[in-house]
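Here is the structure we will look at.
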Amino acid sequence: MLVLFETSVGYAIFKVLNEKKLQEVDSLWKEFETPEKANKIVKLKHFEKFQDTAEALAAFTALMEGKINKQLKKVLKKIVKEAHEPLAVADAKLGGVIKEKLNLSCIHSPVVNELMRGIRSQMDGLIPGVEPREMSAMCLGLAHSLSRYRLKFSADKVDTMIVQAISLLDDLDKELNNYIMRCREWYGWHFPELGKIISDNLTYCKCLQKVGDRRNYASATLSEFLPEEVEAEVKAAAEISMGTEVSEEDICNILHLCTQVIEISEYRTQLYEYLQNRMMAIAPNVTVMVGELVGARLIAHAGSLLNLAKHAASTVQILGAEKALFRALKSRRDTPKYGLIYHASLVGQSSPKHKGKISRMLAAKTVLAIRYDAFGEDSSSAMGVENRAKLEARLRTLEDRGIRKISGTGKALAKTEKYEHKSEVKTYDPSGDSTLPTCSKKRKIEQVDKEGEVTEKKAKKAKIKVKVEEEEEEEVVLVEEETSTKKKKKKDKKKHIKEEPVSEEEPCTSTAISSPEKKKKKKKKKDIED
């Protein structure tokens, strides 16, 4: 078996001496510990040296693209075809090309990778006639020239142009808005009615640039900028305008400002076309998914396309809403659902309740498109078109409230209710319109008097009830006191009867005692009644 080994100095073809040792992949590295051991397994059969770094660069660029160089073709035809042995190759793509064009059997496997690793570790001892200094110098020179060639070759892939273009576009928009506001306000002192008639800023400036003074509108023709109806309205307004008179110098300065606005707006359209073309060249799938402006803003926010490709879908979804995110985390509120991606057409089409879902799905698909554009070799936008169609179909199902398919026995259990449109439109209540009173003032006064009388009667009744309850409570207390005094008297009488005989004078004393007590009770009752 022969082995094709590429170095920065030239092509080397080795002959494998002991193929049995290649079967043990895990212990193969032990055979390349020293140059002596390595020479027992492989032996150099042919070495084709490069003349200079330009030739080395051409050879390696061809290898990277999966093509065969003329020099390599000659070597393979001369040595490998004569040997009639299989060729071990490090790159499977290169092996396929060699098999197609030269009809040679090529081998690519983990054993071959391990063998290549061993040859690389003992390269100085296996390739005689090449000094280590020369090898390192050629490696460094080839690396520099190859990176320089790659930058020149893939100039379209430089995304700094997109970052600068979108930043300039935003700055131009701000400046244009300021200039147009100043122009409208300035000329409004002379002809204020024109601003209400012509709403478009560019046509306003073009009309102003062509006519200038308000008195010239009667003789001027504005058919190239305005339709006939609007032109007639402008001319009529110019005759009866309420604006102040302005000098020629003032009009001249206003016209200079108008020319600046027109030039900047023309340059803006040109810059937008440039940005569109650049986005389609660098990130076609991202452009299809979210549009040129949103895609360019995402790249500018991340710094580059490669940096953006390293972000997760959840990060891309809220990219541009960092302040809102950290504010929500601090205050423990709901985090934002979208950032720059909110301005994409798919999110704009969806209803407010589905915007969060659509932005999440769009971010997931956009991240796939970004990684495909950043790391993929293909420059077609087929993947972006396919993913966009899927998202549009998903959006349609969400908007139409489509029912998902149910598998198995769940079909029998699933029952769909009949759709009934319930309008949330509130009917107008005309009763609130009338400002006239429903009844006369006399009736109102009588009603108020009656209500006052009723409330007074209720208050008197409540007072009487309270007094009655208090009297009842006092009577109960008095009855209890009387019963307790009677019991005490009976006990005292019994004691006197036992100790002494009853005399005739005692009943008269008892009556004498009881009479003042009765009088006191009567007085208390009278006081309570009063």
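Residues in the structure tokens are named by chain (A, B, ... in the order shown) and by number from 1 within that chain; ligands are numbered from 1 in the order shown.
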
Inset, instruction - List the neighbours of stretch 76-78 of chain A out to 12 Å using only C-alpha atoms; skip same-chain residues closer than 6 positions along the sequence, and give me the result as a PyMOL selection string. - result: chain A and resi 2-4+11-13+45-48+68-70+84-87+95+98-99+101-106

Find the residues around A:Ala321 up to 8 Å (only C-alpha atoms counted), leave out those fewer than 3 positions away in its own chain, and share them as a PDB file with N, CA, C and O atoms, in the first residue's frame.
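For reference, result31.pdb as written:
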ATOM      1  N   ILE A 318     -33.992  38.184  21.009  1.00  0.00           N
ATOM      2  CA  ILE A 318     -34.077  39.425  21.811  1.00  0.00           C
ATOM      3  C   ILE A 318     -32.882  40.344  21.564  1.00  0.00           C
ATOM      4  O   ILE A 318     -32.632  41.256  22.336  1.00  0.00           O
ATOM      5  N   ALA A 324     -34.264  46.470  27.914  1.00  0.00           N
ATOM      6  CA  ALA A 324     -35.561  45.976  28.404  1.00  0.00           C
ATOM      7  C   ALA A 324     -35.402  44.648  29.136  1.00  0.00           C
ATOM      8  O   ALA A 324     -36.073  44.394  30.138  1.00  0.00           O
ATOM      9  N   LEU A 325     -34.493  43.803  28.640  1.00  0.00           N
ATOM     10  CA  LEU A 325     -34.268  42.489  29.268  1.00  0.00           C
ATOM     11  C   LEU A 325     -33.725  42.647  30.681  1.00  0.00           C
ATOM     12  O   LEU A 325     -34.253  42.056  31.635  1.00  0.00           O
ATOM     13  N   PRO A 336     -38.688  40.631  27.572  1.00  0.00           N
ATOM     14  CA  PRO A 336     -39.184  40.934  26.218  1.00  0.00           C
ATOM     15  C   PRO A 336     -39.190  39.700  25.324  1.00  0.00           C
ATOM     16  O   PRO A 336     -38.351  38.805  25.474  1.00  0.00           O
ATOM     17  N   TYR A 338     -39.172  39.955  21.828  1.00  0.00           N
ATOM     18  CA  TYR A 338     -38.493  40.205  20.554  1.00  0.00           C
ATOM     19  C   TYR A 338     -37.678  41.490  20.643  1.00  0.00           C
ATOM     20  O   TYR A 338     -37.948  42.361  21.476  1.00  0.00           O
ATOM     21  N   GLY A 339     -36.667  41.577  19.764  1.00  0.00           N
ATOM     22  CA  GLY A 339     -35.825  42.762  19.676  1.00  0.00           C
ATOM     23  C   GLY A 339     -35.861  43.322  18.261  1.00  0.00           C
ATOM     24  O   GLY A 339     -36.901  43.774  17.782  1.00  0.00           O
ATOM     25  N   LEU A 340     -34.717  43.261  17.563  1.00  0.00           N
ATOM     26  CA  LEU A 340     -34.647  43.751  16.184  1.00  0.00           C
ATOM     27  C   LEU A 340     -35.501  42.921  15.241  1.00  0.00           C
ATOM     28  O   LEU A 340     -35.967  43.407  14.208  1.00  0.00           O
TER      29      LEU A 340
END

Inset, instruction - Find the spatial neighbours of A:Ala389, counting only C-alpha atoms, within a cut-off of 12 Å - ignore same-chain residues fewer than 3 positions away - and output them as a list of chain:residue names. - result: A:Val288, A:Met289, A:Leu346, A:Leu362, A:Lys365, A:Ala382, A:Met383, A:Gly384, A:Val385, A:Glu386, A:Glu392, A:Ala393, A:Arg394, A:Leu395, A:Arg396

Skipping near chain neighbours, those fewer than 2 positions away, what residues fall within 9 Å of stretch 223-231 of chain A using only C-alpha atoms, listed as a PDB file with N, CA, C and O atoms, in the first residue's frame?
ATOM      1  N   ILE A 197     -51.076  70.465   1.561  1.00  0.00           N
ATOM      2  CA  ILE A 197     -51.522  69.895   0.271  1.00  0.00           C
ATOM      3  C   ILE A 197     -50.588  68.766  -0.168  1.00  0.00           C
ATOM      4  O   ILE A 197     -51.039  67.696  -0.564  1.00  0.00           O
ATOM      5  N   ILE A 198     -49.257  68.983  -0.097  1.00  0.00           N
ATOM      6  CA  ILE A 198     -48.271  67.968  -0.533  1.00  0.00           C
ATOM      7  C   ILE A 198     -47.698  67.304   0.714  1.00  0.00           C
ATOM      8  O   ILE A 198     -46.972  67.928   1.499  1.00  0.00           O
ATOM      9  N   THR A 203     -41.297  65.231  -3.143  1.00  0.00           N
ATOM     10  CA  THR A 203     -42.039  66.041  -4.123  1.00  0.00           C
ATOM     11  C   THR A 203     -42.193  67.484  -3.627  1.00  0.00           C
ATOM     12  O   THR A 203     -42.150  68.424  -4.424  1.00  0.00           O
ATOM     13  N   TYR A 204     -42.327  67.654  -2.327  1.00  0.00           N
ATOM     14  CA  TYR A 204     -42.401  68.998  -1.729  1.00  0.00           C
ATOM     15  C   TYR A 204     -41.132  69.785  -2.050  1.00  0.00           C
ATOM     16  O   TYR A 204     -41.192  70.943  -2.487  1.00  0.00           O
ATOM     17  N   LYS A 206     -38.923  69.133  -4.432  1.00  0.00           N
ATOM     18  CA  LYS A 206     -38.762  69.315  -5.888  1.00  0.00           C
ATOM     19  C   LYS A 206     -39.628  70.477  -6.397  1.00  0.00           C
ATOM     20  O   LYS A 206     -39.179  71.273  -7.231  1.00  0.00           O
ATOM     21  N   CYS A 207     -40.865  70.560  -5.912  1.00  0.00           N
ATOM     22  CA  CYS A 207     -41.758  71.671  -6.296  1.00  0.00           C
ATOM     23  C   CYS A 207     -41.179  73.009  -5.838  1.00  0.00           C
ATOM     24  O   CYS A 207     -41.188  74.000  -6.580  1.00  0.00           O
ATOM     25  N   THR A 221     -45.415  75.126 -14.236  1.00  0.00           N
ATOM     26  CA  THR A 221     -46.069  73.840 -14.554  1.00  0.00           C
ATOM     27  C   THR A 221     -45.447  72.757 -13.674  1.00  0.00           C
ATOM     28  O   THR A 221     -44.233  72.510 -13.721  1.00  0.00           O
ATOM     29  N   GLU A 233     -55.027  72.784  -7.081  1.00  0.00           N
ATOM     30  CA  GLU A 233     -55.240  73.160  -5.667  1.00  0.00           C
ATOM     31  C   GLU A 233     -54.084  74.006  -5.145  1.00  0.00           C
ATOM     32  O   GLU A 233     -54.293  74.974  -4.402  1.00  0.00           O
ATOM     33  N   VAL A 234     -52.861  73.650  -5.549  1.00  0.00           N
ATOM     34  CA  VAL A 234     -51.675  74.409  -5.121  1.00  0.00           C
ATOM     35  C   VAL A 234     -51.722  75.834  -5.681  1.00  0.00           C
ATOM     36  O   VAL A 234     -51.449  76.811  -4.967  1.00  0.00           O
ATOM     37  N   LYS A 235     -52.077  75.941  -6.959  1.00  0.00           N
ATOM     38  CA  LYS A 235     -52.146  77.265  -7.594  1.00  0.00           C
ATOM     39  C   LYS A 235     -53.228  78.137  -6.962  1.00  0.00           C
ATOM     40  O   LYS A 235     -53.033  79.346  -6.759  1.00  0.00           O
ATOM     41  N   ALA A 236     -54.348  77.526  -6.629  1.00  0.00           N
ATOM     42  CA  ALA A 236     -55.433  78.278  -5.983  1.00  0.00           C
ATOM     43  C   ALA A 236     -55.033  78.741  -4.595  1.00  0.00           C
ATOM     44  O   ALA A 236     -55.347  79.864  -4.166  1.00  0.00           O
TER      45      ALA A 236
END

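Candidate residues A:Ala459, A:Leu115, A:Ile180, A:Met161 were compared for distance to A:Asn201, and the nearest is A:Ile180, using only C-alpha atoms.
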
Test item: residues at most 12 Å from A:Asn178, only C-alpha atoms, excluding those fewer than 4 positions along its chain, as a JSON list (two decimals) with C-alpha atoms, in the first residue's frame:
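Wrote it out as selection06.json, contents follow:
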[["chain", "number", "residue", "atom", "x", "y", "z"],
["A", 171, "ASP", "CA", -27.51, 58.21, 9.91],
["A", 172, "LEU", "CA", -28.82, 59.42, 6.54],
["A", 173, "ASP", "CA", -32.42, 58.78, 7.65],
["A", 174, "LYS", "CA", -31.91, 60.92, 10.76],
["A", 182, "ARG", "CA", -36.35, 72.50, 8.86],
["A", 183, "CYS", "CA", -37.24, 73.07, 5.18],
["A", 184, "ARG", "CA", -41.02, 72.72, 5.79],
["A", 185, "GLU", "CA", -40.92, 75.01, 8.81],
["A", 201, "ASN", "CA", -41.28, 65.17, 1.37],
["A", 257, "LEU", "CA", -31.44, 73.32, 1.56],
["A", 260, "GLN", "CA", -29.25, 69.09, -0.25],
["A", 261, "VAL", "CA", -32.36, 67.09, 0.68]]

Inset, instruction - Using only C-alpha atoms, determine which residues lie at most 12 Å from A:Asp170, disregarding the query and same-chain residues fewer than 2 positions distant; provide the list as a PyMOL selection string. - result: chain A and resi 163-168+172-177+268+271-272+293+296-297+300

Inset, instruction - Based on DSSP run over this structure's backbone, return all residues of stretch 186-423 of chain A in alpha helix (DSSP H), as a ChimeraX atom specification. - result: /A:186-188,193-197,201-211,228-239,248-282,284-290,292-302,305-309,313-317,322-331,345-349,355-375,382-399,410-413

Legend entry - strand (DSSP E or B) positions in stretch 86-213 of chain A, given as a ChimeraX atom specification: /A:87-88,106-107

Legend entry - Shell of 10 Å around stretch 55-63 of chain A, only C-alpha atoms, local chain residues under 3 positions omitted, as number ranges by chain: A: 6-11, 49-52, 66-72, 91, 93-94, 138-139, 141-146, 149-150

Interface rows for stretch 54-167 of chain A against stretch 25-32 of chain A: nearest pair, Å to one decimal, 7 Å, only C-alpha atoms, as a tab-separated table:
residue	atom	partner	partner_atom	distance
A:Val111	CA	A:Val25	CA	5.9
A:Gly118	CA	A:Phe32	CA	5.5
A:Gln122	CA	A:Phe32	CA	7.0

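Nearest residue to A:Ala283 among A:Ile79, A:Ile264, A:Leu368, A:Val246 is A:Leu368, counting only C-alpha atoms.
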
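Computed from the coordinates, the atom CA of A:Thr53 to atom CA of A:Gly129 distance equals 18.2 Å.
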
Legend entry - Closest of A:Arg371, A:Arg215, A:Lys73, A:Lys40 to A:Val286 - atom-to-atom distances counting only C-alpha atoms: A:Arg371

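Between A:Leu306 and the residues A:Ile254, A:Ile282, A:Ala374, A:Ile107, the shortest atom-to-atom distance, using only C-alpha atoms, involves A:Ala374.
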
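As for atom CA of A:Pro128 and atom CA of A:Ile41, they are spaced 16.2 Å apart.
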